[in-house]
Amino acid sequence: GLLYAQCEDDFPRVEANYIEKLGRQAEVAGSKMLYEDLLHRLVLDSAAAKKDFASAPAWLKKLCQAFADGINYYLATHPKVKPALLTRFEPWWPLMWTDGSIGAISTGGASEQELQSFYTGEPVAAAAPKLDDENEIGSNGFAFSPKLTQSGKAILYINPHVTFYFRPEVQMVSEEGLNAYGAVTWGQFFIYQGFNPNCGWMHTSSQADVADLYMEKVKAADGKFVYEYEGNTKPVDEKQISITVNEAGTKSSKTIRAFFTHHGPVVAKRNGQWLALKHHNRSMQGLMQSWLRTKAKSFAEFKQIMDMKENTSNNTVYADREGNIAYWHGNFMPKRDTRLNWNNPVDGSTAATEWNGLHTVDETVHLYNPESGWIQNCNQTPYTSSGSSSPKRENYPAYMAPDAENFRGWNAVKVWSNASALNIDKVIEGGYTRYLPAFEVLIPALQKAWQNKGFIPDSSAKPMEEAVRLLAAWDMKSDIRSVPTTLAIEWAQRLLPGIQRTQVPNQPEAGFVEKTIAFASNASPDELLQP
């Protein structure tokens, strides 16, 4: 029923998500999608998904079959709907995802351009740098304990920013005990984030390290390849991957000789060394965890479901009717040697760099019922998630939470630190704050630049002086009638390339907040005033 309704709303979105996960985008969009398809074929194994479906517990098989039946019945009863590619959906397809996140593929830092360059043997220009959209306009989740609310009940606030059609919003009720409301990913059969009568959960995209690149020492041997491991050699596995490409109605097949070590698929070559990707991008257990949490009845039961440790790409913000609030930064977390920098590729020739099982949930970065009474996460570091009650960075390995701070998180701390007597309306008001905190950093730098301006032609001095004066007097809250808001945003857009290029000493992984602070501290008057 859910999938039939999703197809009524937007069948093309449902179909597009499965075309992507099956690695068949080039059949629709042509050769420009060839290497994105290859990436999906390397990390999302359809043969393994079919095998999982064959051995799945009966209840999961039933759900997967219902998924396919709902879509196929829709297509059968809507003959005017013409799929771009997929005319019949198969029940094993939901097993090509782990946790319902859209586009969540972990590559350990390898780029699609590197993948293409490796498998073509030709240099590929790097893609133009993108603004960090996920970091600036991504997910926002807030939870408040009974001590801060008028009702004495916990409040969970899920993604106030999400556009109406980003995900469908539904209530699902069944005679087998399901009664949940929330957002679903196009084409998935479980509520991705929402609530049932007992508890609520929401997700923010996480930078927790769940995939790693291994530098392999490879050499040719009798027309094949071998690689070094623990003083011996192992054969590089090979697989022929055929991808159909449709260019202006003409179909052709491109077969790629793909390579694998025991760490995973080879996805790049740097400094003459092959890089293999160790990852966990597809899992039947992940689908089970996503379904079971929609039926959780208590904090204890929700924690048991988190103990499945299959959510690879998400943080979780939680609240329940018992008054508990909680936060987990990631969920699937391999144990690694903490002496190594896992932001970089590691030596693949030694067992010392292997994952040593998974951390327990209680070993990962988490927060249960903090003294502050509030939790926030906006895709940023968990170490500011609850003010003075936040987890402490020094208590965890660096790979668990390499996420940087961002200005949404900075703002959330400011909004909630003195919260009290909250009700739904006050929480919504906080979620829609119009305060723009980046200008706390940029405007004082601008004022200093004006004081040290040196020579400025008379023709531009007066309007520039007025602009600086307007921004200095501004309350940093956006408003459609506000001249300073427009001035500030237009100015900041012109500063953005310089901010993005800024290198922060001793912080190679610095985020937007750190880059903005460093830029504002070191920019010349010209760099601030000329824009």
# chains A, B, ... in the order shown; residues from 1 in each chain; ligands from 1

$ residues_around --residues "region 416-424 of chain A" --least-positions-apart "2" --cutoff "7 Å" --atoms "only C-alpha atoms" --output "list in words"
Leu148, Thr149, Gln150, Gly387, Ala412, Val413, Lys414, Lys426, Val427 and Ile428 of chain A

$ select_by_dssp --residues "region 48-99 of chain A" --states "alpha helix (DSSP H)" --output "ChimeraX atom specification"
/A:48-55,58-77

$ closest_atom_pairs --of "region 115-196 of chain A" --to "region 263-284 of chain A" --cutoff "9 Å" --atoms "only C-alpha atoms" --output "JSON lines"
{"residue": "A:Leu115", "atom": "CA", "partner": "A:Val267", "partner_atom": "CA", "distance": 5.0}
{"residue": "A:Gln116", "atom": "CA", "partner": "A:Ala268", "partner_atom": "CA", "distance": 8.1}
{"residue": "A:Ser117", "atom": "CA", "partner": "A:Ala268", "partner_atom": "CA", "distance": 7.5}
{"residue": "A:Phe118", "atom": "CA", "partner": "A:Ala268", "partner_atom": "CA", "distance": 5.5}
{"residue": "A:Tyr119", "atom": "CA", "partner": "A:Ala268", "partner_atom": "CA", "distance": 8.3}

$ write_last_selection --atoms "all heavy atoms" --output "PDB file, in the first residue's frame"
ATOM      1  N   LEU A 115      38.262   7.060  -9.869  1.00  0.00           N
ATOM      2  CA  LEU A 115      37.773   5.756 -10.330  1.00  0.00           C
ATOM      3  C   LEU A 115      37.852   5.675 -11.858  1.00  0.00           C
ATOM      4  O   LEU A 115      38.349   4.682 -12.424  1.00  0.00           O
ATOM      5  CB  LEU A 115      36.336   5.551  -9.855  1.00  0.00           C
ATOM      6  CG  LEU A 115      35.665   4.235 -10.272  1.00  0.00           C
ATOM      7  CD1 LEU A 115      36.193   3.092  -9.419  1.00  0.00           C
ATOM      8  CD2 LEU A 115      34.146   4.330 -10.123  1.00  0.00           C
ATOM      9  N   GLN A 116      37.360   6.713 -12.524  1.00  0.00           N
ATOM     10  CA  GLN A 116      37.372   6.730 -13.990  1.00  0.00           C
ATOM     11  C   GLN A 116      38.799   6.700 -14.514  1.00  0.00           C
ATOM     12  O   GLN A 116      39.118   5.975 -15.470  1.00  0.00           O
ATOM     13  CB  GLN A 116      36.638   7.966 -14.502  1.00  0.00           C
ATOM     14  CG  GLN A 116      36.588   8.054 -16.022  1.00  0.00           C
ATOM     15  CD  GLN A 116      35.770   9.237 -16.500  1.00  0.00           C
ATOM     16  OE1 GLN A 116      35.032   9.856 -15.721  1.00  0.00           O
ATOM     17  NE2 GLN A 116      35.885   9.571 -17.766  1.00  0.00           N
ATOM     18  N   SER A 117      39.678   7.478 -13.903  1.00  0.00           N
ATOM     19  CA  SER A 117      41.063   7.524 -14.345  1.00  0.00           C
ATOM     20  C   SER A 117      41.728   6.159 -14.196  1.00  0.00           C
ATOM     21  O   SER A 117      42.476   5.714 -15.083  1.00  0.00           O
ATOM     22  CB  SER A 117      41.830   8.581 -13.542  1.00  0.00           C
ATOM     23  OG  SER A 117      43.165   8.670 -13.984  1.00  0.00           O
ATOM     24  N   PHE A 118      41.461   5.467 -13.099  1.00  0.00           N
ATOM     25  CA  PHE A 118      42.073   4.152 -12.888  1.00  0.00           C
ATOM     26  C   PHE A 118      41.615   3.158 -13.949  1.00  0.00           C
ATOM     27  O   PHE A 118      42.425   2.413 -14.510  1.00  0.00           O
ATOM     28  CB  PHE A 118      41.742   3.621 -11.492  1.00  0.00           C
ATOM     29  CG  PHE A 118      42.295   2.236 -11.247  1.00  0.00           C
ATOM     30  CD1 PHE A 118      43.625   2.079 -10.901  1.00  0.00           C
ATOM     31  CD2 PHE A 118      41.503   1.105 -11.395  1.00  0.00           C
ATOM     32  CE1 PHE A 118      44.161   0.801 -10.698  1.00  0.00           C
ATOM     33  CE2 PHE A 118      42.020  -0.170 -11.193  1.00  0.00           C
ATOM     34  CZ  PHE A 118      43.358  -0.315 -10.847  1.00  0.00           C
ATOM     35  N   TYR A 119      40.320   3.128 -14.222  1.00  0.00           N
ATOM     36  CA  TYR A 119      39.801   2.095 -15.132  1.00  0.00           C
ATOM     37  C   TYR A 119      39.901   2.469 -16.605  1.00  0.00           C
ATOM     38  O   TYR A 119      39.695   1.615 -17.465  1.00  0.00           O
ATOM     39  CB  TYR A 119      38.369   1.729 -14.735  1.00  0.00           C
ATOM     40  CG  TYR A 119      38.362   0.790 -13.540  1.00  0.00           C
ATOM     41  CD1 TYR A 119      38.020   1.249 -12.265  1.00  0.00           C
ATOM     42  CD2 TYR A 119      38.768  -0.529 -13.663  1.00  0.00           C
ATOM     43  CE1 TYR A 119      38.050   0.400 -11.157  1.00  0.00           C
ATOM     44  CE2 TYR A 119      38.808  -1.386 -12.567  1.00  0.00           C
ATOM     45  CZ  TYR A 119      38.459  -0.920 -11.324  1.00  0.00           C
ATOM     46  OH  TYR A 119      38.515  -1.759 -10.240  1.00  0.00           O
TER      47      TYR A 119
END

$ residues_around --residues "Pro168 (chain A)" --least-positions-apart "5" --cutoff "12 Å" --atoms "only C-alpha atoms" --output "MDAnalysis selection string"
chainID A and resid 2:3 5:11 13:14 162:163 181:194

$ write_last_selection --atoms "N, CA, C and O atoms" --output "short mmCIF file (atom, residue, chain, number, x, y, z; two decimals), in the first residue's frame"
data_model
loop_
_atom_site.label_atom_id
_atom_site.label_comp_id
_atom_site.auth_asym_id
_atom_site.auth_seq_id
_atom_site.Cartn_x
_atom_site.Cartn_y
_atom_site.Cartn_z
N LEU A 2 1.88 1.29 0.83
CA LEU A 2 2.77 2.46 0.88
C LEU A 2 3.44 2.68 -0.47
O LEU A 2 3.52 3.81 -0.95
N LEU A 3 3.93 1.62 -1.09
CA LEU A 3 4.64 1.79 -2.36
C LEU A 3 3.70 2.20 -3.48
O LEU A 3 4.06 2.99 -4.35
N ALA A 5 1.08 4.07 -3.05
CA ALA A 5 0.83 5.49 -2.81
C ALA A 5 2.03 6.34 -3.22
O ALA A 5 1.87 7.44 -3.78
N GLN A 6 3.25 5.87 -2.96
CA GLN A 6 4.43 6.60 -3.40
C GLN A 6 4.44 6.75 -4.92
O GLN A 6 4.79 7.81 -5.46
N CYS A 7 4.08 5.68 -5.62
CA CYS A 7 4.06 5.72 -7.09
C CYS A 7 3.00 6.70 -7.59
O CYS A 7 3.22 7.40 -8.59
N GLU A 8 1.87 6.77 -6.89
CA GLU A 8 0.85 7.76 -7.26
C GLU A 8 1.42 9.17 -7.16
O GLU A 8 1.14 10.03 -7.99
N ASP A 9 2.19 9.40 -6.11
CA ASP A 9 2.76 10.74 -5.89
C ASP A 9 3.85 11.06 -6.91
O ASP A 9 3.88 12.14 -7.49
N ASP A 10 4.79 10.12 -7.11
CA ASP A 10 5.95 10.44 -7.95
C ASP A 10 6.68 9.16 -8.34
O ASP A 10 7.76 8.85 -7.82
N PHE A 11 6.10 8.41 -9.28
CA PHE A 11 6.75 7.18 -9.72
C PHE A 11 8.17 7.43 -10.25
O PHE A 11 9.09 6.64 -9.97
N ARG A 13 10.50 9.36 -9.24
CA ARG A 13 11.47 9.41 -8.14
C ARG A 13 11.73 8.01 -7.59
O ARG A 13 12.87 7.66 -7.26
N VAL A 14 10.66 7.22 -7.46
CA VAL A 14 10.82 5.84 -6.99
C VAL A 14 11.72 5.08 -7.94
O VAL A 14 12.69 4.42 -7.54
N VAL A 162 13.09 20.87 5.69
CA VAL A 162 12.94 19.99 4.51
C VAL A 162 11.80 20.46 3.61
O VAL A 162 10.70 20.73 4.06
N THR A 163 12.08 20.51 2.31
CA THR A 163 11.06 20.91 1.35
C THR A 163 9.94 19.87 1.30
O THR A 163 10.15 18.70 1.61
N TYR A 181 4.37 7.33 12.02
CA TYR A 181 4.18 8.49 11.16
C TYR A 181 5.54 9.10 10.87
O TYR A 181 6.39 9.19 11.76
N GLY A 182 5.76 9.52 9.64
CA GLY A 182 7.02 10.20 9.35
C GLY A 182 7.35 10.24 7.89
O GLY A 182 6.47 10.09 7.02
N ALA A 183 8.63 10.45 7.60
CA ALA A 183 9.11 10.60 6.23
C ALA A 183 9.68 9.28 5.73
O ALA A 183 10.37 8.56 6.47
N VAL A 184 9.38 8.96 4.48
CA VAL A 184 9.93 7.75 3.86
C VAL A 184 10.79 8.16 2.66
O VAL A 184 10.52 9.15 1.99
N THR A 185 11.83 7.38 2.41
CA THR A 185 12.65 7.58 1.22
C THR A 185 11.91 7.01 0.02
O THR A 185 11.36 5.91 0.10
N TRP A 186 11.91 7.74 -1.10
CA TRP A 186 11.22 7.26 -2.30
C TRP A 186 11.69 5.85 -2.65
O TRP A 186 12.86 5.61 -2.91
N GLY A 187 10.74 4.90 -2.59
CA GLY A 187 11.05 3.53 -2.98
C GLY A 187 11.38 2.60 -1.84
O GLY A 187 11.55 1.41 -2.06
N GLN A 188 11.48 3.12 -0.61
CA GLN A 188 11.71 2.24 0.54
C GLN A 188 10.41 2.02 1.30
O GLN A 188 9.53 2.87 1.29
N PHE A 189 10.31 0.86 1.98
CA PHE A 189 9.03 0.51 2.59
C PHE A 189 8.96 0.76 4.09
O PHE A 189 8.01 0.34 4.75
N PHE A 190 9.93 1.45 4.65
CA PHE A 190 9.88 1.76 6.09
C PHE A 190 9.94 3.26 6.29
O PHE A 190 10.46 4.00 5.45
N ILE A 191 9.42 3.71 7.41
CA ILE A 191 9.53 5.13 7.77
C ILE A 191 10.96 5.41 8.21
O ILE A 191 11.44 4.85 9.19
N TYR A 192 11.60 6.27 7.47
CA TYR A 192 13.02 6.56 7.67
C TYR A 192 13.24 7.36 8.94
O TYR A 192 14.16 7.07 9.72
N GLN A 193 12.42 8.37 9.17
CA GLN A 193 12.50 9.12 10.42
C GLN A 193 11.11 9.64 10.76
O GLN A 193 10.37 10.10 9.90
N GLY A 194 10.75 9.50 12.03
CA GLY A 194 9.41 9.88 12.45
C GLY A 194 9.15 9.42 13.87
O GLY A 194 10.04 9.45 14.72
#

$ closest_atom_pairs --of "region 399-481 of chain A" --to "region 313-337 of chain A" --cutoff "9 Å" --atoms "only C-alpha atoms" --output "Markdown table"
| residue | atom | partner | partner_atom | distance |
| --- | --- | --- | --- | --- |
| A:Tyr399 | CA | A:Arg336 | CA | 8.5 |
| A:Met400 | CA | A:Met333 | CA | 7.2 |
| A:Ala401 | CA | A:His329 | CA | 7.3 |

$ closest_residue --among "A:Gln285, A:Asp347, A:Glu15, A:Ala208" --to "Ala56 (chain A)" --atoms "only C-alpha atoms"
A:Gln285

$ residues_around --residues "region 32-45 of chain A" --least-positions-apart "3" --cutoff "10 Å" --atoms "only C-alpha atoms" --output "NGL selection string"
:A and (19-29 or 48-50 or 95-98 or 105-107 or 111-117 or 119 or 239 or 241-245 or 247 or 254 or 256 or 258-260 or 264-267 or 277-283)

$ select_by_dssp --residues "region 84-166 of chain A" --states "strand (DSSP E or B)" --output "ChimeraX atom specification"
/A:141-144,149,155-158

$ atom_distance --atom1 "CA of Asn344 (chain A)" --atom2 "CA of Asn522 (chain A)"
28.3 Å

$ atom_distance --atom1 "CA of Pro83 (chain A)" --atom2 "CA of Lys51 (chain A)"
26.7 Å
